[in-house]
>>> print(open('target-v8.txt').read())   # compact mmCIF, C-alpha atoms
# COMPACT_ATOMS: atom_id res chain seq x y z
CA MET A 1 8.15 35.31 94.71
CA LYS A 2 7.54 39.02 94.44
CA ARG A 3 10.48 39.70 96.69
CA SER A 4 12.86 37.74 94.44
CA THR A 5 11.60 39.59 91.38
CA LEU A 6 12.26 42.96 93.12
CA VAL A 7 15.86 41.98 93.97
CA ILE A 8 16.58 40.87 90.39
CA ALA A 9 15.16 44.21 89.10
CA LEU A 10 17.41 46.21 91.41
CA ILE A 11 20.50 44.24 90.36
CA ALA A 12 19.66 44.82 86.70
CA LEU A 13 19.26 48.57 87.35
CA VAL A 14 22.68 48.79 89.04
CA VAL A 15 24.33 46.95 86.11
CA VAL A 16 22.77 49.38 83.61
CA ILE A 17 23.85 52.45 85.57
CA ALA A 18 27.47 51.14 85.85
CA ALA A 19 27.57 50.42 82.11
CA ILE A 20 26.43 53.94 81.28
CA PHE A 21 29.09 55.46 83.66
CA PHE A 22 32.00 53.53 82.12
CA MET A 23 30.86 54.31 78.59
CA THR A 24 30.68 58.04 79.35
CA ARG A 25 34.20 58.13 80.97
CA GLY A 26 35.88 56.28 78.10
CA LYS A 27 34.38 58.49 75.38
CA PRO A 28 37.06 60.70 73.71
CA SER A 29 36.57 64.43 74.31
CA ASP A 30 37.60 67.55 72.43
CA LYS A 31 41.44 68.09 72.30
CA SER A 32 41.05 71.74 73.18
CA ALA A 33 39.47 70.82 76.52
CA ASP A 34 42.20 68.29 77.51
CA PRO A 35 45.15 70.12 79.32
CA ALA A 36 47.49 67.17 78.81
CA ALA A 37 46.85 67.09 75.07
CA ALA A 38 47.25 70.85 74.78
CA ALA A 39 50.63 70.67 76.54
CA LYS A 40 51.96 68.22 73.96
CA THR A 41 54.02 69.28 70.93
CA LYS A 42 53.53 67.95 67.41
CA ASP A 43 55.75 64.96 68.11
CA GLY A 44 53.95 64.20 71.34
CA ALA A 45 56.70 65.42 73.79
CA HIS A 46 56.04 67.72 76.76
CA SER A 47 57.52 71.35 76.67
CA PRO A 48 60.00 72.00 79.61
CA LYS A 49 59.23 74.85 81.98
CA PRO A 50 61.84 77.63 82.69
CA ALA A 51 63.62 77.24 86.04
CA LEU A 52 63.75 80.98 86.75
CA THR A 53 63.05 84.40 85.33
CA VAL A 54 66.34 86.32 84.96
CA THR A 55 67.90 89.47 83.54
CA VAL A 56 71.03 89.54 81.40
CA ALA A 57 73.75 92.08 80.63
CA LYS A 58 76.71 92.28 78.32
CA PRO A 59 80.25 93.02 79.60
CA GLU A 60 81.05 96.74 79.32
CA ALA A 61 84.40 98.41 78.79
CA THR A 62 84.99 100.59 81.87
CA GLU A 63 87.87 102.90 82.78
CA LEU A 64 89.38 101.64 86.04
CA MET A 65 92.21 102.80 88.27
CA LEU A 66 95.50 100.91 88.30
CA THR A 67 96.54 100.47 91.92
CA LEU A 68 99.26 98.85 93.98
CA ALA A 69 98.26 97.62 97.44
CA ALA A 70 100.63 97.90 100.40
CA ASN A 71 100.65 97.77 104.19
CA GLY A 72 102.55 99.84 106.73
CA ASN A 73 102.53 101.88 109.91
CA VAL A 74 101.48 105.48 110.50
CA ALA A 75 104.16 107.54 112.25
CA ALA A 76 104.99 111.14 113.04
CA TRP A 77 106.73 113.01 110.24
CA GLN A 78 109.23 114.39 112.75
CA GLU A 79 109.11 114.20 116.53
CA ALA A 80 110.84 116.87 118.64
CA VAL A 81 112.11 116.15 122.14
CA VAL A 82 111.62 119.10 124.49
CA GLY A 83 113.97 118.90 127.48
CA SER A 84 115.20 120.93 130.42
CA GLU A 85 118.14 123.32 129.91
CA SER A 86 118.30 124.23 133.59
CA ASN A 87 120.05 122.14 136.23
CA GLY A 88 118.77 121.49 139.71
CA LEU A 89 115.64 123.66 139.50
CA LYS A 90 112.21 122.66 140.74
CA LEU A 91 109.41 122.38 138.20
CA ALA A 92 106.75 124.81 139.37
CA GLU A 93 104.10 124.66 136.62
CA VAL A 94 103.13 122.44 133.67
CA ARG A 95 100.80 124.20 131.22
CA VAL A 96 100.11 121.55 128.52
CA ASN A 97 99.08 117.93 128.32
CA VAL A 98 99.16 115.12 125.79
CA GLY A 99 97.11 115.93 122.69
CA ASP A 100 97.27 119.72 123.07
CA LEU A 101 97.97 121.83 120.01
CA VAL A 102 100.80 124.29 120.64
CA LYS A 103 102.41 127.16 118.74
CA LYS A 104 106.08 127.86 118.31
CA GLY A 105 107.41 129.79 121.34
CA GLN A 106 104.45 128.87 123.57
CA VAL A 107 105.34 128.30 127.24
CA LEU A 108 104.96 124.60 128.08
CA ALA A 109 106.34 124.55 131.64
CA VAL A 110 107.92 126.92 134.20
CA PHE A 111 110.71 126.28 136.75
CA SER A 112 111.02 128.11 140.06
CA PRO A 113 113.11 131.24 139.26
CA GLU A 114 114.22 132.35 142.77
CA THR A 115 117.68 130.75 142.69
CA VAL A 116 118.40 132.02 139.20
CA GLN A 117 117.22 135.54 140.05
CA ALA A 118 119.56 135.61 143.05
CA ASP A 119 122.48 134.54 140.83
CA ILE A 120 121.59 137.25 138.33
CA ALA A 121 121.59 139.91 141.07
CA GLN A 122 124.98 138.73 142.30
CA SER A 123 126.39 138.84 138.77
CA ARG A 124 125.13 142.39 138.29
CA ALA A 125 126.81 143.47 141.50
CA SER A 126 130.09 141.88 140.43
CA LEU A 127 129.84 143.65 137.10
CA ALA A 128 129.28 147.00 138.77
CA GLU A 129 132.34 146.43 141.00
CA ALA A 130 134.46 145.47 138.01
CA ARG A 131 133.37 148.54 136.10
CA ALA A 132 134.29 150.81 139.05
CA THR A 133 137.71 149.21 139.33
CA ALA A 134 138.19 149.54 135.59
CA ALA A 135 137.26 153.24 135.68
CA ASP A 136 139.83 153.91 138.44
CA ALA A 137 142.52 151.98 136.57
CA ALA A 138 141.73 153.84 133.37
CA GLY A 139 142.13 157.22 135.19
CA ASN A 140 145.49 156.23 136.70
CA ALA A 141 146.76 155.05 133.32
CA ALA A 142 145.69 158.29 131.66
CA ARG A 143 147.50 160.42 134.24
CA ALA A 144 150.61 158.29 133.92
CA ARG A 145 150.67 158.81 130.20
CA THR A 146 150.48 162.61 130.62
CA LEU A 147 153.54 162.48 132.90
CA GLN A 148 155.54 160.29 130.59
CA ALA A 149 157.20 163.20 128.82
CA THR A 150 158.19 164.97 132.06
CA GLY A 151 160.10 162.00 133.43
CA ALA A 152 158.30 162.18 136.78
CA LEU A 153 157.44 158.48 136.48
CA SER A 154 159.63 155.73 135.27
CA GLN A 155 158.66 153.72 132.25
CA GLN A 156 158.11 150.67 134.48
CA GLN A 157 155.55 152.52 136.60
CA ILE A 158 153.75 153.75 133.50
CA ASN A 159 153.58 150.20 132.16
CA GLN A 160 152.16 148.95 135.43
CA TYR A 161 149.33 151.51 135.28
CA GLN A 162 148.52 150.49 131.71
CA THR A 163 148.58 146.80 132.60
CA THR A 164 146.24 147.44 135.51
CA GLU A 165 143.88 149.26 133.15
CA GLN A 166 143.77 146.36 130.69
CA THR A 167 143.27 143.85 133.50
CA ALA A 168 140.35 145.85 134.83
CA LYS A 169 138.74 145.93 131.36
CA ALA A 170 139.11 142.14 131.07
CA ARG A 171 137.45 141.67 134.45
CA VAL A 172 134.53 143.83 133.27
CA GLU A 173 134.13 141.65 130.19
CA ALA A 174 134.25 138.51 132.31
CA ALA A 175 131.60 139.90 134.66
CA GLU A 176 129.41 140.78 131.68
CA ALA A 177 129.75 137.22 130.38
CA VAL A 178 128.78 135.78 133.76
CA LEU A 179 125.75 138.07 133.87
CA ALA A 180 124.74 137.02 130.33
CA ALA A 181 124.99 133.35 131.31
CA GLN A 182 122.81 133.92 134.37
CA GLN A 183 120.27 135.77 132.24
CA VAL A 184 120.18 132.79 129.87
CA ARG A 185 119.49 130.56 132.88
CA GLY A 186 116.70 132.93 133.81
CA ARG A 187 115.13 132.58 130.38
CA ASN A 188 115.51 128.80 130.56
CA THR A 189 113.20 128.69 133.55
CA GLN A 190 110.46 128.76 130.91
CA VAL A 191 110.27 125.71 128.62
CA LEU A 192 109.17 126.84 125.15
CA ALA A 193 107.75 124.89 122.21
CA PRO A 194 110.37 124.66 119.43
CA ASP A 195 107.74 124.43 116.67
CA ASP A 196 104.02 124.25 115.98
CA GLY A 197 102.62 120.80 116.63
CA VAL A 198 100.83 118.36 118.92
CA ILE A 199 102.09 117.15 122.28
CA SER A 200 102.48 113.36 121.93
CA ALA A 201 104.10 112.57 125.31
CA ARG A 202 104.65 114.27 128.68
CA THR A 203 106.97 113.23 131.50
CA ALA A 204 107.07 116.62 133.27
CA THR A 205 105.74 116.49 136.84
CA VAL A 206 105.13 119.52 139.05
CA GLY A 207 107.51 119.61 142.00
CA SER A 208 110.22 117.43 140.49
CA VAL A 209 113.83 118.64 140.40
CA VAL A 210 115.36 117.71 137.06
CA SER A 211 118.82 117.92 135.63
CA ALA A 212 119.81 119.55 132.37
CA GLY A 213 118.86 117.47 129.32
CA THR A 214 115.99 115.60 130.98
CA GLU A 215 113.12 114.96 128.55
CA LEU A 216 109.91 116.73 129.53
CA PHE A 217 107.73 116.55 126.38
CA ARG A 218 107.57 115.05 122.91
CA LEU A 219 106.09 117.07 120.08
CA ILE A 220 104.80 115.94 116.66
CA ARG A 221 106.13 118.77 114.54
CA GLN A 222 103.44 120.69 112.63
CA GLY A 223 101.00 117.87 113.40
CA ARG A 224 102.17 116.05 110.27
CA LEU A 225 101.93 112.28 109.96
CA GLU A 226 103.32 109.90 107.38
CA TRP A 227 102.46 106.41 106.20
CA ARG A 228 105.51 104.16 105.96
CA ALA A 229 104.35 101.61 103.39
CA GLU A 230 106.27 98.41 102.74
CA VAL A 231 106.62 97.76 98.99
CA THR A 232 108.34 94.70 97.58
CA SER A 233 111.46 95.15 95.49
CA ALA A 234 109.64 93.75 92.44
CA GLU A 235 106.95 96.46 92.64
CA LEU A 236 109.16 99.33 93.86
CA SER A 237 109.90 100.65 90.36
CA ARG A 238 106.18 101.31 89.78
CA VAL A 239 106.04 103.91 92.59
CA ALA A 240 107.53 107.39 92.15
CA VAL A 241 107.78 110.53 94.25
CA GLY A 242 104.50 112.45 93.97
CA THR A 243 102.33 109.35 93.44
CA THR A 244 98.90 109.63 95.07
CA ALA A 245 98.05 107.09 97.75
CA PHE A 246 94.77 106.29 99.52
CA VAL A 247 95.37 105.17 103.10
CA VAL A 248 92.78 103.33 105.20
CA SER A 249 93.39 102.74 108.91
CA ALA A 250 92.17 99.80 110.97
CA SER A 251 89.33 101.98 112.26
CA GLY A 252 88.10 102.60 108.70
CA ALA A 253 89.28 106.19 108.44
CA GLN A 254 90.46 107.03 104.93
CA VAL A 255 92.77 109.83 103.84
CA ARG A 256 94.59 110.81 100.67
CA GLY A 257 98.32 111.47 100.66
CA LYS A 258 101.34 111.75 98.35
CA VAL A 259 104.65 109.95 98.22
CA ARG A 260 107.36 112.21 99.67
CA SER A 261 110.35 109.92 99.37
CA ILE A 262 111.42 106.32 98.81
CA ALA A 263 113.99 104.57 100.97
CA PRO A 264 117.32 104.09 99.17
CA THR A 265 117.76 100.56 100.53
CA VAL A 266 115.74 97.33 100.66
CA ASP A 267 115.47 95.25 103.80
CA PRO A 268 117.53 92.07 103.13
CA GLN A 269 115.19 90.02 105.34
CA THR A 270 111.78 91.01 103.93
CA ARG A 271 112.97 92.21 100.49
CA ALA A 272 110.75 95.25 100.93
CA ALA A 273 111.52 98.97 100.94
CA LEU A 274 109.79 101.75 102.84
CA VAL A 275 107.83 104.34 100.89
CA TYR A 276 107.10 107.51 102.87
CA VAL A 277 103.68 109.00 102.14
CA ASP A 278 102.90 112.47 103.50
CA LEU A 279 99.47 112.69 105.10
CA PRO A 280 97.67 116.00 105.65
CA ASN A 281 97.06 117.37 109.14
CA VAL A 282 94.65 114.61 110.12
CA GLN A 283 95.60 114.44 113.79
CA GLN A 284 92.43 116.20 114.93
CA ASN A 285 90.11 115.46 111.99
CA THR A 286 90.09 111.68 111.44
CA GLY A 287 90.72 108.45 113.27
CA ILE A 288 94.26 108.10 111.89
CA LYS A 289 96.86 108.32 114.67
CA ALA A 290 100.59 107.80 114.91
CA GLY A 291 101.45 104.18 115.65
CA MET A 292 98.45 102.72 113.81
CA PHE A 293 98.72 99.95 111.23
CA ALA A 294 97.16 100.94 107.91
CA ARG A 295 96.66 99.55 104.45
CA GLY A 296 96.52 101.58 101.30
CA ASP A 297 96.67 101.72 97.53
CA PHE A 298 99.01 103.69 95.29
CA GLU A 299 97.26 105.20 92.26
CA LEU A 300 99.44 104.26 89.26
CA GLY A 301 97.15 105.35 86.42
CA ARG A 302 94.01 104.24 84.60
CA SER A 303 93.14 101.53 82.07
CA THR A 304 90.06 100.21 80.27
CA ALA A 305 88.86 96.71 81.11
CA PRO A 306 85.68 94.60 80.68
CA THR A 307 83.38 94.68 83.70
CA VAL A 308 80.15 92.98 84.71
CA PRO A 309 77.61 93.76 87.45
CA GLN A 310 78.63 92.50 90.86
CA ALA A 311 75.37 90.54 91.16
CA SER A 312 76.42 88.32 88.24
CA ILE A 313 79.42 86.89 90.13
CA VAL A 314 78.51 83.64 91.91
CA PRO A 315 81.10 82.25 94.37
CA ARG A 316 80.96 78.44 94.50
CA ASP A 317 83.45 75.84 95.69
CA GLY A 318 86.14 78.46 96.20
CA PHE A 319 85.85 79.87 92.65
CA ASN A 320 84.09 82.83 91.09
CA ASN A 321 81.60 81.93 88.37
CA VAL A 322 79.26 83.57 85.90
CA PHE A 323 76.32 82.05 84.03
CA LEU A 324 76.21 82.69 80.27
CA LEU A 325 72.97 82.66 78.28
CA LYS A 326 72.95 80.33 75.27
CA PRO A 327 70.73 80.80 72.19
CA ASP A 328 68.30 78.12 73.40
CA ASN A 329 67.76 80.09 76.65
CA LYS A 330 69.75 77.61 78.65
CA VAL A 331 72.66 78.73 80.83
CA THR A 332 76.22 77.48 81.08
CA GLN A 333 78.47 77.98 84.10
CA LEU A 334 81.94 79.53 83.52
CA LYS A 335 84.76 80.05 86.03
CA VAL A 336 86.26 83.55 85.84
CA GLN A 337 89.04 85.59 87.41
CA ILE A 338 88.02 88.93 88.88
CA GLY A 339 90.09 92.07 89.45
CA ARG A 340 89.36 95.66 90.32
CA ARG A 341 86.02 97.03 91.50
CA LEU A 342 84.18 100.25 90.68
CA ASN A 343 80.94 100.83 92.55
CA ASP A 344 78.74 97.82 91.65
CA ARG A 345 80.89 96.60 88.74
CA ILE A 346 83.76 94.09 88.79
CA GLU A 347 86.58 93.62 86.31
CA ILE A 348 86.84 90.23 84.58
CA THR A 349 90.48 89.41 83.93
CA SER A 350 89.89 86.04 82.25
CA ALA A 351 88.60 85.67 78.69
CA LEU A 352 84.88 85.71 77.91
CA PRO A 353 83.30 84.41 74.69
CA ASP A 354 82.48 86.95 71.99
CA GLY A 355 78.99 88.39 72.40
CA ALA A 356 78.63 86.84 75.83
CA GLN A 357 75.53 87.67 77.87
CA VAL A 358 75.84 87.09 81.61
CA ILE A 359 72.95 86.40 83.94
CA VAL A 360 72.54 89.20 86.50
CA GLN A 361 69.35 88.95 88.53
CA GLY A 362 68.79 85.39 89.71
CA ALA A 363 72.31 84.14 88.93
CA GLY A 364 72.81 82.82 92.45
CA PHE A 365 69.89 80.36 92.13
CA LEU A 366 70.92 78.72 88.84
CA ASN A 367 72.74 75.53 87.97
CA ASP A 368 74.57 74.60 84.80
CA GLY A 369 72.12 73.75 82.01
CA ASP A 370 69.02 75.35 83.55
CA LEU A 371 66.39 76.77 81.20
CA VAL A 372 65.52 80.41 81.98
CA ARG A 373 63.11 83.07 80.87
CA VAL A 374 64.77 86.43 80.11
CA VAL A 375 63.11 89.73 80.96
CA ASP A 376 64.38 93.31 80.70
CA ALA A 377 66.18 94.74 83.73
CA PRO A 378 64.21 97.36 85.71
CA ALA A 379 65.09 100.88 84.62
CA SER A 380 65.61 102.02 88.24
CA ALA A 381 68.31 99.37 88.75
CA ALA A 382 70.03 99.66 85.37
CA GLN A 383 70.27 103.44 85.26
CA PRO A 384 72.41 103.96 88.41
CA ALA A 385 74.99 101.44 87.16
CA ARG A 386 75.30 103.21 83.81
CA SER A 387 75.48 106.59 85.52
CA ALA A 388 78.25 105.43 87.88
CA ALA A 389 80.29 103.99 85.01
CA SER A 390 79.87 107.19 83.00
CA ALA A 391 80.88 109.35 85.96
CA ALA A 392 83.98 107.23 86.58
CA ALA A 393 85.01 107.45 82.92
CA ALA A 394 84.61 111.23 82.99
CA LYS A 395 87.02 111.67 85.94
>>> encode(input="target-v8.txt", output="structure tokens")
Amino acid sequence: MKRSTLVIALIALVVVIAAIFFMTRGKPSDKSADPAAAAKTKDGAHSPKPALTVTVAKPEATELMLTLAANGNVAAWQEAVVGSESNGLKLAEVRVNVGDLVKKGQVLAVFSPETVQADIAQSRASLAEARATAADAAGNAARARTLQATGALSQQQINQYQTTEQTAKARVEAAEAVLAAQQVRGRNTQVLAPDDGVISARTATVGSVVSAGTELFRLIRQGRLEWRAEVTSAELSRVAVGTTAFVVSASGAQVRGKVRSIAPTVDPQTRAALVYVDLPNVQQNTGIKAGMFARGDFELGRSTAPTVPQASIVPRDGFNNVFLLKPDNKVTQLKVQIGRRLNDRIEITSALPDGAQVIVQGAGFLNDGDLVRVVDAPASAAQPARSAASAAAAK
């Protein structure tokens, strides 16, 4: 009996404790202590949270360079062929190699001179003999003329002496000419550089016997190169002699040149004309070499255009986009066309709404319609962009 009474008392105690627990949980509490109630607006709706914290910027008018892009090959301004003027002589010495800088008149190669020296000695001996014969003939003719008045010699004999004298003089002149020719051959045993420049090719080999006219070296005159740019006929009128061009080779080397001349004809196949751009003496200073392919831009002038920071351009689905900030702090995606670049700024060639503000930092993580929280751009990041734009406008 006592045991049953104890069980009933325990059950009653449990029921009382459960009733007190449920009454305490269901009692309304203070609104200020309830996070859900505090997050509600007056109409009972929840406030949306911003998707990202971003910075914004307005398009700025920036002075940019007007350029015309072109491609072409780098070639020597003029290339001189240095050949042999001697015939049948053995090449005894080669003093230069490909890539060497040479001066005008510098000895490039030497032929064996023994044969030519022997011919020169023989010509001198022949000249001396001719001069002796001419002196004897001149003396006989002089004596014959003194006897002309006495009648001791006939007029025919006197004429013969005079003819012999003139023949002897002619033989002296012929011997002198032969000697001069042999002396020229002697000088031609040394191959000289026709101009200052850089040796671009060498076929001369020590010990070879070459004939007259055989090519021994090729020389880039004065070390000057030129960029032969191909410009379409539609764009050709925009380029003039003296226009500045910036040339960039495949290796990344960049050099500044000027247009020297424009071809008078257009290729009927490609409808492009060659524009010859003089490059400074870059043969030894940069990676630009003759025979390279290079791209470049002709500087046609300057113009003012709206630009935005490069970080605000978001490439998606093959298009360039920007995100514009709306008054309700939501963003809208807009496709744009971009143009020229200056440091970290890009030209926008398509129209932007008046008073547009583009998202800069965080633009790549947004979607159309996202709610954002706007903060000021860091001074360290904003200042260099303004300084670069100001410096470009001052040039």
>>> atom_distance(input="target-v8.txt", atom1="CA of Arg302 (chain A)", atom2="CA of Ile359 (chain A)")
27.6 Å
>>> closest_atom_pairs(input="target-v8.txt", of="region 82-165 of chain A", to="region 208-225 of chain A", cutoff="9 Å", atoms="only C-alpha atoms", output="Markdown table")
| residue | atom | partner | partner_atom | distance |
| --- | --- | --- | --- | --- |
| A:Val82 | CA | A:Phe217 | CA | 5.0 |
| A:Gly83 | CA | A:Glu215 | CA | 4.2 |
| A:Ser84 | CA | A:Gly213 | CA | 5.2 |
| A:Glu85 | CA | A:Ala212 | CA | 4.8 |
| A:Ser86 | CA | A:Ala212 | CA | 5.1 |
| A:Asn87 | CA | A:Ser211 | CA | 4.4 |
| A:Gly88 | CA | A:Ser211 | CA | 5.4 |
| A:Leu89 | CA | A:Val209 | CA | 5.4 |
| A:Lys90 | CA | A:Val209 | CA | 4.3 |
| A:Leu91 | CA | A:Ser208 | CA | 5.5 |
| A:Ala92 | CA | A:Ser208 | CA | 8.2 |
| A:Asn97 | CA | A:Phe217 | CA | 9.0 |
| A:Val98 | CA | A:Phe217 | CA | 8.7 |
| A:Leu101 | CA | A:Gly223 | CA | 8.3 |
| A:Val102 | CA | A:Leu219 | CA | 9.0 |
| A:Lys103 | CA | A:Gln222 | CA | 9.0 |
| A:Leu108 | CA | A:Phe217 | CA | 8.7 |
| A:Ala109 | CA | A:Leu216 | CA | 8.9 |
>>> closest_residue(input="target-v8.txt", among="A:Thr146, A:Ala70, A:Gln310, A:Gly105", to="Asp344 (chain A)", atoms="only C-alpha atoms")
A:Gln310
>>> atom_distance(input="target-v8.txt", atom1="CA of Lys289 (chain A)", atom2="CA of Ala76 (chain A)")
8.8 Å
>>> residues_near_point(input="target-v8.txt", point="(100.1, 95.2, 106.4)", cutoff="7 Å", atoms="only C-alpha atoms", output="list in words")
Ala70, Asn71, Gly72, Phe293, Ala294 and Arg295 of chain A
>>> write_last_selection(input="target-v8.txt", atoms="C-alpha atoms", output="PDB file, in the frame of the given file")
ATOM      1  CA  ALA A  70     100.630  97.900 100.400  1.00  0.00           C
ATOM      2  CA  ASN A  71     100.650  97.770 104.190  1.00  0.00           C
ATOM      3  CA  GLY A  72     102.550  99.840 106.730  1.00  0.00           C
ATOM      4  CA  PHE A 293      98.720  99.950 111.230  1.00  0.00           C
ATOM      5  CA  ALA A 294      97.160 100.940 107.910  1.00  0.00           C
ATOM      6  CA  ARG A 295      96.660  99.550 104.450  1.00  0.00           C
TER       7      ARG A 295
END
>>> atom_distance(input="target-v8.txt", atom1="CA of Pro309 (chain A)", atom2="CA of Lys49 (chain A)")
26.9 Å
>>> closest_residue(input="target-v8.txt", among="A:Gln357, A:Thr304, A:Thr349, A:Ser123", to="Lys326 (chain A)", atoms="all atoms listed in the file")
A:Gln357
>>> closest_residue(input="target-v8.txt", among="A:Phe246, A:Phe319, A:Tyr161, A:Phe111", to="Glu93 (chain A)", atoms="all atoms listed in the file")
A:Phe111
>>> closest_residue(input="target-v8.txt", among="A:Val314, A:Leu300, A:Val96, A:Ala180", to="Ala245 (chain A)", atoms="only C-alpha atoms")
A:Leu300
>>> residues_around(input="target-v8.txt", residues="Asn367 (chain A)", least_positions_apart="6", cutoff="12 Å", atoms="all atoms listed in the file", output="JSON list (two decimals) with C-alpha atoms, in the coordinates of the input")
[["chain", "number", "residue", "atom", "x", "y", "z"],
["A", 51, "ALA", "CA", 63.62, 77.24, 86.04],
["A", 52, "LEU", "CA", 63.75, 80.98, 86.75],
["A", 314, "VAL", "CA", 78.51, 83.64, 91.91],
["A", 316, "ARG", "CA", 80.96, 78.44, 94.50],
["A", 321, "ASN", "CA", 81.60, 81.93, 88.37],
["A", 322, "VAL", "CA", 79.26, 83.57, 85.90],
["A", 323, "PHE", "CA", 76.32, 82.05, 84.03],
["A", 324, "LEU", "CA", 76.21, 82.69, 80.27],
["A", 330, "LYS", "CA", 69.75, 77.61, 78.65],
["A", 331, "VAL", "CA", 72.66, 78.73, 80.83],
["A", 332, "THR", "CA", 76.22, 77.48, 81.08],
["A", 333, "GLN", "CA", 78.47, 77.98, 84.10],
["A", 334, "LEU", "CA", 81.94, 79.53, 83.52],
["A", 359, "ILE", "CA", 72.95, 86.40, 83.94]]
>>> closest_residue(input="target-v8.txt", among="A:Pro280, A:Gly151, A:Gly339, A:Gly291", to="Pro306 (chain A)", atoms="only C-alpha atoms")
A:Gly339
>>> residues_around(input="target-v8.txt", residues="Arg171 (chain A)", least_positions_apart="4", cutoff="12 Å", atoms="all atoms listed in the file", output="PDB file with C-alpha atoms, in the coordinates of the input")
ATOM      1  CA  SER A 126     130.090 141.880 140.430  1.00  0.00           C
ATOM      2  CA  LEU A 127     129.840 143.650 137.100  1.00  0.00           C
ATOM      3  CA  ALA A 128     129.280 147.000 138.770  1.00  0.00           C
ATOM      4  CA  GLU A 129     132.340 146.430 141.000  1.00  0.00           C
ATOM      5  CA  ALA A 130     134.460 145.470 138.010  1.00  0.00           C
ATOM      6  CA  ARG A 131     133.370 148.540 136.100  1.00  0.00           C
ATOM      7  CA  ALA A 132     134.290 150.810 139.050  1.00  0.00           C
ATOM      8  CA  THR A 133     137.710 149.210 139.330  1.00  0.00           C
ATOM      9  CA  ALA A 134     138.190 149.540 135.590  1.00  0.00           C
ATOM     10  CA  ALA A 135     137.260 153.240 135.680  1.00  0.00           C
ATOM     11  CA  ALA A 137     142.520 151.980 136.570  1.00  0.00           C
ATOM     12  CA  THR A 164     146.240 147.440 135.510  1.00  0.00           C
ATOM     13  CA  GLU A 165     143.880 149.260 133.150  1.00  0.00           C
ATOM     14  CA  GLN A 166     143.770 146.360 130.690  1.00  0.00           C
ATOM     15  CA  THR A 167     143.270 143.850 133.500  1.00  0.00           C
ATOM     16  CA  ALA A 175     131.600 139.900 134.660  1.00  0.00           C
ATOM     17  CA  GLU A 176     129.410 140.780 131.680  1.00  0.00           C
ATOM     18  CA  ALA A 177     129.750 137.220 130.380  1.00  0.00           C
ATOM     19  CA  VAL A 178     128.780 135.780 133.760  1.00  0.00           C
TER      20      VAL A 178
END
>>> residues_near_point(input="target-v8.txt", point="(80.6, 90.8, 74.5)", cutoff="10 Å", atoms="only C-alpha atoms", output="VMD selection string")
chain A and resid 57 to 61 306 352 to 358
>>> residues_around(input="target-v8.txt", residues="Arg341 (chain A)", least_positions_apart="2", cutoff="10 Å", atoms="only C-alpha atoms", output="ChimeraX atom specification")
/A:64-65,307-310,338-339,343-348
>>> closest_residue(input="target-v8.txt", among="A:Gly186, A:Val54, A:Thr67, A:Gln106", to="Thr244 (chain A)", atoms="only C-alpha atoms")
A:Thr67
>>> axis_aligned_box(input="target-v8.txt", around="region 299-308 of chain A", padding_each_side="6 Å", output="JSON")
{"center_x": 89.8, "center_y": 99.2, "center_z": 86.3, "size_x": 31.3, "size_y": 24.4, "size_z": 24.0}
